[in-house]
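Below: the structure, in structure tokens.
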Amino acid sequence: MLFEELQPDLQQWLRSVVNQGYKTEAIVDSLRKAGYESSVSSAVQEDITALRDAREKVAVPSRNPSPWDSGVKTTSDREVQVLMTAQKPNLVLFGNLLSGEECDELIALSQPRLKRSKVVNSQSGQSGQHAMRTSSGAVFRFGEFPLVKRIEQRISELVDIPVSRGEGLQVLNYAPGAEYKPHHDYFDPQYPGSKKYLQRGGQRCATLIIYLNDVEAGGSTVFPSTGVNVYPRKGYGLFFSYADEQGGLDPLSLHGGSPVIAGEKWVATKWMRLRDYVDEKTGA
Ligand SMILES: O=C(O)CCC(=O)C(=O)O
Ligand SMILES: [Fe+2]
């Protein structure tokens, strides 16, 4: 039985017990005790093996000493705080990444071009509106405004990924009730719709979400497979990486923007590729 065909609750439980290191026999045994038929419990054995293999292939090995050990990272124009790191998934929470004025200016620049956000259909590769992503968004071309150029340069120095490997900076706005349901930012190579995206700069390997305002309630960035939950704070940034050169992808990077309960939420997202990114419209 394919992992995707299992009940979502069962998928989540399996991920969690595999991540906690439980042995296959113990997991299957628990399923039997919980009343699952033996045909189901034996069918999930393959899924368990696949989950474990994927975990072992996880991107970005931990570096020792870590580049974040000093708790700050000084770029050519800013001293950014390193507030928290994790390895599974590999993430870093930054403070003081943007000033309050920079956040406000980015929101103002995006406002005239906000449009309902889209998602990519994994089968067809077409992008379109979907209930799983109910934000509005705007995309900037490389260095389109001096502020965008400055932020792109700062991000590149901060996470050590060349500007040329970044997709255009996106600003997203979530009204109350809007959300981005859990998803992976990488393109799963087993789906036909991923092909054309993978051709433009290779796999997506990392994401930086910059929070542009404080949200009154809700709107956290949540990683359901690990229980990590990050609340938006103006000027903070959340970086996570999930793909390596060998094709390893980290399923634990599953994440979403939880529904805004009160107020609104503004973020800027920078997605990064393994190779130089080729823009669809400009071809460069
Ligand atoms: O809004 C968020 O917290 C998540 C955004 C996100 O997942 C993305 O832009 O890829
Ligand atoms: Fe995402």
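Within each chain, counting starts at residue 1; across the structure tokens, chains are named A, B, ... in the order shown, with ligands numbered 1 upward in that order.
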Environment of ligand 2 within 7 Å, counting only C-alpha atoms and all ligand atoms, reported as a PyMOL selection string
chain A and resi 183-185+255-256
Residues at most 8 Å from A:Asp214, counting only C-alpha atoms, excluding those fewer than 3 positions away in the same chain, as a ChimeraX atom specification?
/A:211,232-234,265
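Here atom CA of A:Leu172 is placed at a distance of 26.8 Å from atom CA of A:Asp244.
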So that I can check the surroundings of A:Gly177, please list as a ChimeraX atom specification every protein, DNA and RNA residue that reaches within 12 Å of it, counting only C-alpha atoms and ignoring chain neighbours fewer than 4 positions away.
/A:131-135,173,181,217-219,257-265
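Here the DSSP assignment of alpha helix (DSSP H), based on backbone atoms, applies within stretch 93-235 of chain A to A:Gly100, A:Glu101, A:Glu102, A:Cys103, A:Asp104, A:Glu105, A:Leu106, A:Ile107, A:Ala108, A:Leu109, A:Ser110, A:Pro146, A:Leu147, A:Val148, A:Lys149, A:Arg150, A:Ile151, A:Glu152, A:Gln153, A:Arg154, A:Ile155, A:Ser156, A:Glu157, A:Leu158, A:Val159, A:Lys195, A:Lys196, A:Tyr197, A:Leu198.
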Output the selection as a compact mmCIF listing (two decimals), in the first residue's frame - N, CA and C atoms for each residue.
```
# COMPACT_ATOMS: atom_id res chain seq x y z
N GLY A 100 12.43 47.23 10.77
CA GLY A 100 10.99 47.51 10.68
C GLY A 100 10.66 48.29 9.42
N GLU A 101 11.52 49.27 9.09
CA GLU A 101 11.25 50.10 7.91
C GLU A 101 11.35 49.26 6.64
N GLU A 102 12.32 48.35 6.60
CA GLU A 102 12.46 47.49 5.41
C GLU A 102 11.21 46.62 5.23
N CYS A 103 10.69 46.10 6.36
CA CYS A 103 9.48 45.27 6.27
C CYS A 103 8.34 46.11 5.70
N ASP A 104 8.18 47.32 6.25
CA ASP A 104 7.06 48.18 5.80
C ASP A 104 7.21 48.52 4.32
N GLU A 105 8.44 48.81 3.90
CA GLU A 105 8.66 49.21 2.50
C GLU A 105 8.36 48.04 1.55
N LEU A 106 8.75 46.83 1.97
CA LEU A 106 8.51 45.66 1.12
C LEU A 106 7.00 45.41 0.97
N ILE A 107 6.27 45.58 2.06
CA ILE A 107 4.81 45.43 1.99
C ILE A 107 4.24 46.46 1.02
N ALA A 108 4.69 47.72 1.16
CA ALA A 108 4.15 48.79 0.31
C ALA A 108 4.47 48.52 -1.16
N LEU A 109 5.68 48.03 -1.45
CA LEU A 109 6.05 47.76 -2.85
C LEU A 109 5.20 46.64 -3.44
N SER A 110 4.79 45.69 -2.60
CA SER A 110 4.07 44.53 -3.14
C SER A 110 2.59 44.81 -3.31
N PRO A 146 15.93 48.81 -5.35
CA PRO A 146 17.15 48.79 -4.52
C PRO A 146 16.94 47.97 -3.24
N LEU A 147 15.76 48.06 -2.63
CA LEU A 147 15.51 47.30 -1.40
C LEU A 147 15.57 45.79 -1.67
N VAL A 148 14.96 45.37 -2.78
CA VAL A 148 14.94 43.93 -3.12
C VAL A 148 16.37 43.46 -3.34
N LYS A 149 17.15 44.27 -4.04
CA LYS A 149 18.53 43.92 -4.33
C LYS A 149 19.35 43.78 -3.03
N ARG A 150 19.11 44.72 -2.12
CA ARG A 150 19.84 44.69 -0.84
C ARG A 150 19.47 43.43 -0.05
N ILE A 151 18.18 43.11 -0.04
CA ILE A 151 17.73 41.93 0.73
C ILE A 151 18.29 40.65 0.10
N GLU A 152 18.30 40.59 -1.24
CA GLU A 152 18.82 39.39 -1.91
C GLU A 152 20.30 39.19 -1.58
N GLN A 153 21.03 40.28 -1.57
CA GLN A 153 22.46 40.20 -1.25
C GLN A 153 22.65 39.74 0.21
N ARG A 154 21.85 40.30 1.08
CA ARG A 154 21.97 39.96 2.52
C ARG A 154 21.66 38.49 2.75
N ILE A 155 20.59 38.00 2.11
CA ILE A 155 20.20 36.59 2.28
C ILE A 155 21.33 35.69 1.78
N SER A 156 21.88 36.05 0.63
CA SER A 156 22.92 35.22 0.03
C SER A 156 24.15 35.11 0.96
N GLU A 157 24.53 36.23 1.54
CA GLU A 157 25.68 36.20 2.47
C GLU A 157 25.33 35.42 3.74
N LEU A 158 24.10 35.57 4.18
CA LEU A 158 23.67 34.94 5.43
C LEU A 158 23.70 33.42 5.33
N VAL A 159 23.14 32.88 4.25
CA VAL A 159 23.00 31.42 4.17
C VAL A 159 24.01 30.80 3.21
N LYS A 195 8.82 17.98 -13.66
CA LYS A 195 9.92 18.00 -14.61
C LYS A 195 10.31 19.42 -15.05
N LYS A 196 9.28 20.17 -15.49
CA LYS A 196 9.62 21.49 -16.04
C LYS A 196 10.18 22.42 -14.98
N TYR A 197 9.78 22.21 -13.71
CA TYR A 197 10.32 23.07 -12.65
C TYR A 197 11.76 22.69 -12.32
N LEU A 198 12.04 21.37 -12.40
CA LEU A 198 13.40 20.91 -12.09
C LEU A 198 14.39 21.36 -13.16
```
Between A:Gln203, A:Ser66, A:Gln111, A:Thr24, which one has atoms that come closest to A:Val171, using only C-alpha atoms?
A:Gln111
Can you pull out the residues contacting A:Pro8? Cut-off 12 Å, using only C-alpha atoms, and skip same-chain residues under 4 positions away; I want them as a PyMOL selection string.
chain A and resi 3-4+12-15+182+224-225
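Every protein or nucleic acid residue with an atom no more than 8 Å from A:Arg116, counting only C-alpha atoms and leaving out same-chain residues fewer than 2 positions away, appears here: Leu114, Lys118, Gln129, Thr134, Ser135, Ser136 and Gly137 of chain A.
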Need to verify the contact set: stretch 85-98 of chain A, 6 Å, only C-alpha atoms, exclusion of same-chain residues closer than 4 positions in sequence. Can you return it as a PyMOL selection string?
chain A and resi 80-81+102+235-241+252-253
Expected file: the selected residues, C-alpha atoms, as a PDB file, in the first residue's frame:
```
ATOM      1  CA  VAL A  80      21.717  39.198  12.143  1.00  0.00           C
ATOM      2  CA  GLN A  81      20.959  37.210  15.306  1.00  0.00           C
ATOM      3  CA  GLU A 102      12.461  47.493   5.414  1.00  0.00           C
ATOM      4  CA  GLY A 235      11.922  41.257  10.871  1.00  0.00           C
ATOM      5  CA  TYR A 236      12.646  37.627  11.879  1.00  0.00           C
ATOM      6  CA  GLY A 237      13.537  34.974   9.313  1.00  0.00           C
ATOM      7  CA  LEU A 238      13.105  31.204   9.251  1.00  0.00           C
ATOM      8  CA  PHE A 239      15.518  29.285   7.042  1.00  0.00           C
ATOM      9  CA  PHE A 240      15.234  25.574   6.311  1.00  0.00           C
ATOM     10  CA  SER A 241      16.977  23.283   3.829  1.00  0.00           C
ATOM     11  CA  LEU A 252      10.564  16.197   7.633  1.00  0.00           C
ATOM     12  CA  SER A 253      10.665  19.628   5.985  1.00  0.00           C
TER      13      SER A 253
END
```
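Nearest residue to A:Arg204, choosing from A:Ser124, A:Glu46, A:Asp250, A:Lys115 and counting only C-alpha atoms: A:Asp250.
Comparing the minimum interatomic distances between ligand 1 and each of A:Ile161, A:Ala138, A:Val278, A:Leu83, counting only C-alpha atoms and all ligand atoms, we find that A:Ala138 sits nearest.
Considering the residues A:Leu2, A:Pro176, A:Leu208, A:Ser76 and counting only C-alpha atoms, A:Gln45 has its shortest atom-to-atom contact with A:Leu2.
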Per DSSP on the backbone, what are the strand (DSSP E or B) residues of stretch 32-108 of chain A, as number ranges by chain?
A: 72-74, 79-87, 90-95
Store the residues picked out above, limited to C-alpha atoms, as an mmCIF file, in the first residue's frame.
```
data_model
loop_
_atom_site.group_PDB
_atom_site.id
_atom_site.type_symbol
_atom_site.label_atom_id
_atom_site.label_comp_id
_atom_site.auth_asym_id
_atom_site.auth_seq_id
_atom_site.Cartn_x
_atom_site.Cartn_y
_atom_site.Cartn_z
ATOM 1 C CA VAL A 72 25.357 36.212 15.217
ATOM 2 C CA LYS A 73 26.103 36.387 11.528
ATOM 3 C CA THR A 74 27.433 39.663 10.216
ATOM 4 C CA GLU A 79 24.251 42.019 12.187
ATOM 5 C CA VAL A 80 21.717 39.198 12.143
ATOM 6 C CA GLN A 81 20.959 37.210 15.306
ATOM 7 C CA VAL A 82 20.981 33.420 15.234
ATOM 8 C CA LEU A 83 18.213 32.524 17.698
ATOM 9 C CA MET A 84 17.651 28.818 17.224
ATOM 10 C CA THR A 85 18.857 25.927 15.095
ATOM 11 C CA ALA A 86 17.566 22.396 14.576
ATOM 12 C CA GLN A 87 18.836 19.486 12.509
ATOM 13 C CA ASN A 90 17.591 21.490 9.271
ATOM 14 C CA LEU A 91 16.413 24.959 10.258
ATOM 15 C CA VAL A 92 17.709 28.250 11.594
ATOM 16 C CA LEU A 93 15.659 31.047 13.132
ATOM 17 C CA PHE A 94 17.128 34.523 12.605
ATOM 18 C CA GLY A 95 16.316 37.751 14.445
#
```
